[in-house]
file my_file.pdb (PDB, C-alpha atoms, pLDDT in the B column)
MODEL        1
ATOM      1  CA  MET A   1       0.000   0.000   0.000  1.00 42.00           C
ATOM      2  CA  GLY A   2       1.281   3.425  -0.888  1.00 50.00           C
ATOM      3  CA  GLY A   3       0.699   6.664   0.969  1.00 59.00           C
ATOM      4  CA  TRP A   4       1.866   5.480   4.397  1.00 62.00           C
ATOM      5  CA  GLY A   5       0.035   7.445   7.070  1.00 62.00           C
ATOM      6  CA  LYS A   6      -2.160   9.516   4.756  1.00 64.00           C
ATOM      7  CA  ILE A   7      -5.316   7.651   5.711  1.00 65.00           C
ATOM      8  CA  CYS A   8      -6.670   6.974   9.189  1.00 66.00           C
ATOM      9  CA  LEU A   9      -7.466   3.274   9.360  1.00 73.00           C
ATOM     10  CA  LEU A  10      -9.749   3.518  12.408  1.00 70.00           C
ATOM     11  CA  GLU A  11     -12.870   2.657  10.417  1.00 71.00           C
ATOM     12  CA  ASN A  12     -11.094  -0.319   8.829  1.00 69.00           C
ATOM     13  CA  ARG A  13      -9.229  -1.520  11.901  1.00 73.00           C
ATOM     14  CA  HIS A  14     -11.281  -4.748  11.843  1.00 74.00           C
ATOM     15  CA  THR A  15      -9.488  -5.797   8.653  1.00 75.00           C
ATOM     16  CA  LEU A  16      -6.135  -5.332  10.409  1.00 82.00           C
ATOM     17  CA  LYS A  17      -7.024  -6.802  13.795  1.00 85.00           C
ATOM     18  CA  GLU A  18      -4.048  -9.195  13.909  1.00 88.00           C
ATOM     19  CA  GLU A  19      -1.647  -6.370  13.121  1.00 89.00           C
ATOM     20  CA  THR A  20      -3.317  -4.111  15.692  1.00 90.00           C
ATOM     21  CA  ALA A  21      -3.167  -6.836  18.340  1.00 92.00           C
ATOM     22  CA  PHE A  22       0.496  -7.502  17.525  1.00 95.00           C
ATOM     23  CA  LEU A  23       1.454  -3.837  17.923  1.00 95.00           C
ATOM     24  CA  CYS A  24      -0.461  -3.448  21.204  1.00 94.00           C
ATOM     25  CA  ALA A  25       0.865  -6.717  22.645  1.00 95.00           C
ATOM     26  CA  ASN A  26       4.474  -6.068  21.679  1.00 96.00           C
ATOM     27  CA  ILE A  27       5.117  -2.401  22.354  1.00 95.00           C
ATOM     28  CA  ASP A  28       6.313  -3.288  25.865  1.00 96.00           C
ATOM     29  CA  THR A  29       8.684  -5.837  24.322  1.00 95.00           C
ATOM     30  CA  VAL A  30      10.317  -3.257  22.034  1.00 94.00           C
ATOM     31  CA  ILE A  31      10.546  -0.875  24.996  1.00 94.00           C
ATOM     32  CA  ARG A  32      12.345  -3.601  27.011  1.00 95.00           C
ATOM     33  CA  MET A  33      14.602  -4.163  23.988  1.00 93.00           C
ATOM     34  CA  LYS A  34      15.582  -0.485  24.339  1.00 88.00           C
ATOM     35  CA  ASP A  35      14.878   0.114  20.665  1.00 87.00           C
ATOM     36  CA  PRO A  36      13.604   3.673  20.206  1.00 87.00           C
ATOM     37  CA  GLU A  37      13.390   3.261  16.428  1.00 88.00           C
ATOM     38  CA  LEU A  38      10.929   0.396  16.737  1.00 92.00           C
ATOM     39  CA  VAL A  39       9.009   2.137  19.510  1.00 94.00           C
ATOM     40  CA  GLY A  40       8.600   5.206  17.296  1.00 92.00           C
ATOM     41  CA  GLU A  41       7.469   3.071  14.371  1.00 92.00           C
ATOM     42  CA  PHE A  42       5.005   1.119  16.550  1.00 95.00           C
ATOM     43  CA  VAL A  43       3.528   4.355  17.921  1.00 93.00           C
ATOM     44  CA  GLN A  44       3.184   5.826  14.441  1.00 89.00           C
ATOM     45  CA  ALA A  45       1.483   2.673  13.153  1.00 89.00           C
ATOM     46  CA  LEU A  46      -0.932   2.739  16.101  1.00 90.00           C
ATOM     47  CA  HIS A  47      -1.722   6.391  15.370  1.00 86.00           C
ATOM     48  CA  ILE A  48      -2.518   5.445  11.772  1.00 83.00           C
ATOM     49  CA  LEU A  49      -4.832   2.756  13.125  1.00 85.00           C
ATOM     50  CA  GLY A  50      -6.713   5.460  15.005  1.00 83.00           C
ATOM     51  CA  PHE A  51      -5.206   5.252  18.500  1.00 88.00           C
ATOM     52  CA  GLY A  52      -5.080   8.644  20.184  1.00 87.00           C
ATOM     53  CA  ASP A  53      -2.485  10.173  22.464  1.00 89.00           C
ATOM     54  CA  GLU A  54      -4.693   9.313  25.466  1.00 91.00           C
ATOM     55  CA  ASP A  55      -4.514   5.553  24.775  1.00 93.00           C
ATOM     56  CA  PRO A  56      -2.331   3.749  27.363  1.00 95.00           C
ATOM     57  CA  VAL A  57      -0.284   1.991  24.673  1.00 95.00           C
ATOM     58  CA  ILE A  58       0.582   5.353  23.073  1.00 94.00           C
ATOM     59  CA  ILE A  59       1.336   6.923  26.456  1.00 94.00           C
ATOM     60  CA  ARG A  60       3.835   4.120  27.225  1.00 95.00           C
ATOM     61  CA  GLY A  61       5.543   4.642  23.858  1.00 95.00           C
ATOM     62  CA  HIS A  62       5.697   8.414  24.279  1.00 93.00           C
ATOM     63  CA  ARG A  63       7.026   8.102  27.829  1.00 93.00           C
ATOM     64  CA  TYR A  64       9.831   5.788  26.675  1.00 92.00           C
ATOM     65  CA  LEU A  65      10.800   8.055  23.772  1.00 91.00           C
ATOM     66  CA  LEU A  66      10.877  11.144  25.982  1.00 88.00           C
ATOM     67  CA  GLN A  67      12.917   9.378  28.677  1.00 86.00           C
ATOM     68  CA  THR A  68      15.514   8.111  26.205  1.00 84.00           C
ATOM     69  CA  GLU A  69      15.868  11.209  24.058  1.00 78.00           C
ATOM     70  CA  SER A  70      19.385  12.618  24.119  1.00 69.00           C
ATOM     71  CA  LYS A  71      21.629  14.947  22.178  1.00 54.00           C
ATOM     72  CA  THR A  72      22.156  12.167  19.660  1.00 51.00           C
ATOM     73  CA  PHE A  73      18.393  11.738  19.104  1.00 56.00           C
ATOM     74  CA  TRP A  74      18.212   8.134  20.252  1.00 60.00           C
ATOM     75  CA  ALA A  75      21.158   7.055  18.071  1.00 62.00           C
ATOM     76  CA  GLY A  76      23.662   6.132  20.797  1.00 66.00           C
ATOM     77  CA  LYS A  77      27.344   6.943  20.925  1.00 73.00           C
ATOM     78  CA  LYS A  78      29.234   7.663  17.706  1.00 76.00           C
ATOM     79  CA  PRO A  79      26.415   6.786  15.305  1.00 76.00           C
ATOM     80  CA  THR A  80      26.771   6.722  11.550  1.00 79.00           C
ATOM     81  CA  PHE A  81      24.957   9.415   9.616  1.00 77.00           C
ATOM     82  CA  TYR A  82      22.180   6.966   8.669  1.00 76.00           C
ATOM     83  CA  LYS A  83      21.749   5.718  12.230  1.00 75.00           C
ATOM     84  CA  ARG A  84      21.569   9.287  13.541  1.00 76.00           C
ATOM     85  CA  TYR A  85      19.069  10.274  10.815  1.00 76.00           C
ATOM     86  CA  HIS A  86      16.862   7.185  11.105  1.00 78.00           C
ATOM     87  CA  SER A  87      16.810   7.195  14.896  1.00 80.00           C
ATOM     88  CA  ALA A  88      15.836  10.866  14.960  1.00 81.00           C
ATOM     89  CA  TYR A  89      13.165  10.295  12.310  1.00 81.00           C
ATOM     90  CA  CYS A  90      11.610   7.349  14.167  1.00 82.00           C
ATOM     91  CA  GLY A  91      11.633   9.165  17.484  1.00 84.00           C
ATOM     92  CA  ILE A  92      10.064  12.251  15.951  1.00 82.00           C
ATOM     93  CA  ILE A  93       7.308  10.344  14.129  1.00 81.00           C
ATOM     94  CA  GLY A  94       6.533   8.511  17.347  1.00 86.00           C
ATOM     95  CA  LEU A  95       6.165  11.787  19.254  1.00 86.00           C
ATOM     96  CA  ALA A  96       4.511  13.806  16.493  1.00 83.00           C
ATOM     97  CA  ASP A  97       1.000  15.129  16.925  1.00 76.00           C
ATOM     98  CA  PHE A  98      -0.254  12.734  14.286  1.00 67.00           C
ATOM     99  CA  LYS A  99      -3.723  13.257  12.912  1.00 66.00           C
ATOM    100  CA  PRO A 100      -4.377  11.409   9.666  1.00 61.00           C
ATOM    101  CA  ASP A 101      -7.140  12.746   7.461  1.00 60.00           C
ATOM    102  CA  LYS A 102     -10.258  10.994   8.739  1.00 60.00           C
ATOM    103  CA  GLY A 103     -12.086  12.239   5.639  1.00 60.00           C
ATOM    104  CA  ARG A 104      -9.905  10.083   3.420  1.00 58.00           C
ATOM    105  CA  LYS A 105     -11.160   6.535   3.340  1.00 60.00           C
ATOM    106  CA  MET A 106      -9.230   3.403   2.581  1.00 59.00           C
ATOM    107  CA  PRO A 107      -9.883   2.549  -1.092  1.00 62.00           C
ATOM    108  CA  VAL A 108     -12.476  -0.194  -1.550  1.00 67.00           C
ATOM    109  CA  GLU A 109      -9.933  -2.267  -3.513  1.00 70.00           C
ATOM    110  CA  TRP A 110      -7.620  -2.327  -0.483  1.00 63.00           C
ATOM    111  CA  ILE A 111     -10.424  -3.360   1.850  1.00 66.00           C
ATOM    112  CA  GLU A 112     -11.502  -6.152  -0.507  1.00 72.00           C
ATOM    113  CA  ALA A 113      -7.909  -7.368  -0.888  1.00 70.00           C
ATOM    114  CA  LEU A 114      -7.411  -7.381   2.893  1.00 64.00           C
ATOM    115  CA  GLU A 115     -10.688  -9.213   3.449  1.00 69.00           C
ATOM    116  CA  ARG A 116      -9.696 -11.825   0.842  1.00 73.00           C
ATOM    117  CA  THR A 117      -6.442 -12.457   2.689  1.00 68.00           C
ATOM    118  CA  LEU A 118      -8.382 -12.908   5.924  1.00 64.00           C
ATOM    119  CA  ALA A 119     -10.884 -15.367   4.438  1.00 67.00           C
ATOM    120  CA  THR A 120     -10.749 -18.939   5.707  1.00 61.00           C
ATOM    121  CA  PRO A 121     -10.260 -21.772   3.170  1.00 60.00           C
ATOM    122  CA  GLU A 122     -13.943 -22.720   3.611  1.00 62.00           C
ATOM    123  CA  GLU A 123     -15.047 -19.167   2.791  1.00 53.00           C
ATOM    124  CA  GLU A 124     -12.825 -19.139  -0.304  1.00 52.00           C
ATOM    125  CA  GLU A 125     -14.235 -22.452  -1.535  1.00 57.00           C
ATOM    126  CA  GLY A 126     -17.785 -21.181  -0.993  1.00 56.00           C
ATOM    127  CA  ALA A 127     -17.045 -18.017  -2.959  1.00 53.00           C
ATOM    128  CA  GLU A 128     -15.550 -20.012  -5.835  1.00 52.00           C
ATOM    129  CA  SER A 129     -18.528 -22.358  -6.068  1.00 50.00           C
ATOM    130  CA  ASP A 130     -20.983 -19.421  -6.000  1.00 49.00           C
ATOM    131  CA  GLU A 131     -19.285 -17.602  -8.894  1.00 49.00           C
ATOM    132  CA  GLY A 132     -20.801 -19.612 -11.703  1.00 49.00           C
ATOM    133  CA  GLU A 133     -24.105 -20.389 -10.014  1.00 47.00           C
ATOM    134  CA  THR A 134     -27.214 -19.225 -11.866  1.00 43.00           C
ATOM    135  CA  HIS A 135     -30.237 -17.998  -9.930  1.00 41.00           C
ATOM    136  CA  SER A 136     -33.813 -18.914 -10.805  1.00 42.00           C
ATOM    137  CA  ARG A 137     -34.182 -15.471 -12.412  1.00 41.00           C
ATOM    138  CA  GLY A 138     -31.447 -16.474 -14.880  1.00 46.00           C
ATOM    139  CA  THR A 139     -28.843 -14.092 -13.493  1.00 44.00           C
ATOM    140  CA  LYS A 140     -25.380 -14.985 -12.295  1.00 45.00           C
ATOM    141  CA  ASN A 141     -23.843 -14.033  -8.915  1.00 42.00           C
TER     142      ASN A 141
ENDMDL
END
call {"tool": "encode", "arguments": {"input": "my_file.pdb", "output": "structure tokens"}}
result
Amino acid sequence: MGGWGKICLLENRHTLKEETAFLCANIDTVIRMKDPELVGEFVQALHILGFGDEDPVIIRGHRYLLQTESKTFWAGKKPTFYKRYHSAYCGIIGLADFKPDKGRKMPVEWIEALERTLATPEEEEGAESDEGETHSRGTKN
């Protein structure tokens, strides 16, 4: 999917429930790993999924990022240019006042593709067998 972060996925969070659950369940793990880049990326992803700054999972991420911020912007001692840049970027996106455009909806094609990937094998077989079925009115599904 292109346009990372341009669309608030709150209304479509049900199609990404495994991803949402993973982020919520593992933010404490990446905090314990002392990885500010991942924490920032987790927080940004949760914002895109519609979590607000008042959500406990976001508060924990923000608290960690603020406690670990330093003159090197989370990059550690003697970082390479890329490490310094990427660490600063991830920390900033995690702390940013992120408000995706709630007026922009996820394209229907994306929703359909996500729902197809979530379908069980039984649901897929049922959909395939219905495709060529003709109704009594002579119309196809």
call {"tool": "residues_around", "arguments": {"input": "my_file.pdb", "residues": "segment 30-38 of chain A", "least_positions_apart": "4", "cutoff": "6 Å", "atoms": "only C-alpha atoms", "output": "list in words"}}
result
Phe42, Ser87 and Cys90 of chain A
call {"tool": "atom_distance", "arguments": {"input": "my_file.pdb", "atom1": "atom CA of Leu23 of chain A", "atom2": "atom CA of Asp55 of chain A"}}
result
13.1 Å
call {"tool": "residues_near_point", "arguments": {"input": "my_file.pdb", "point": "(0.3, 10.3, 23.3)", "cutoff": "10 Å", "atoms": "all atoms listed in the file", "output": "PDB file with C-alpha atoms, in the coordinates of the input"}}
result
ATOM      1  CA  VAL A  43       3.528   4.355  17.921  1.00 93.00           C
ATOM      2  CA  HIS A  47      -1.722   6.391  15.370  1.00 86.00           C
ATOM      3  CA  PHE A  51      -5.206   5.252  18.500  1.00 88.00           C
ATOM      4  CA  GLY A  52      -5.080   8.644  20.184  1.00 87.00           C
ATOM      5  CA  ASP A  53      -2.485  10.173  22.464  1.00 89.00           C
ATOM      6  CA  GLU A  54      -4.693   9.313  25.466  1.00 91.00           C
ATOM      7  CA  ASP A  55      -4.514   5.553  24.775  1.00 93.00           C
ATOM      8  CA  PRO A  56      -2.331   3.749  27.363  1.00 95.00           C
ATOM      9  CA  VAL A  57      -0.284   1.991  24.673  1.00 95.00           C
ATOM     10  CA  ILE A  58       0.582   5.353  23.073  1.00 94.00           C
ATOM     11  CA  ILE A  59       1.336   6.923  26.456  1.00 94.00           C
ATOM     12  CA  ARG A  60       3.835   4.120  27.225  1.00 95.00           C
ATOM     13  CA  GLY A  61       5.543   4.642  23.858  1.00 95.00           C
ATOM     14  CA  HIS A  62       5.697   8.414  24.279  1.00 93.00           C
ATOM     15  CA  ARG A  63       7.026   8.102  27.829  1.00 93.00           C
ATOM     16  CA  GLY A  94       6.533   8.511  17.347  1.00 86.00           C
ATOM     17  CA  LEU A  95       6.165  11.787  19.254  1.00 86.00           C
ATOM     18  CA  ALA A  96       4.511  13.806  16.493  1.00 83.00           C
ATOM     19  CA  ASP A  97       1.000  15.129  16.925  1.00 76.00           C
ATOM     20  CA  PHE A  98      -0.254  12.734  14.286  1.00 67.00           C
TER      21      PHE A  98
END
call {"tool": "atom_distance", "arguments": {"input": "my_file.pdb", "atom1": "atom CA of Gly50 of chain A", "atom2": "atom CA of Glu19 of chain A"}}
result
13.0 Å
call {"tool": "atom_distance", "arguments": {"input": "my_file.pdb", "atom1": "atom CA of Ala88 of chain A", "atom2": "atom CA of Leu10 of chain A"}}
result
26.7 Å
call {"tool": "closest_residue", "arguments": {"input": "my_file.pdb", "among": "A:Phe22, A:Gln67, A:Ile48, A:Asp28", "to": "Leu9 of chain A", "atoms": "all atoms listed in the file"}}
result
A:Ile48
call {"tool": "closest_residue", "arguments": {"input": "my_file.pdb", "among": "A:Thr68, A:Pro79, A:Gly40, A:Glu112", "to": "Ile92 of chain A", "atoms": "all atoms listed in the file"}}
result
A:Gly40
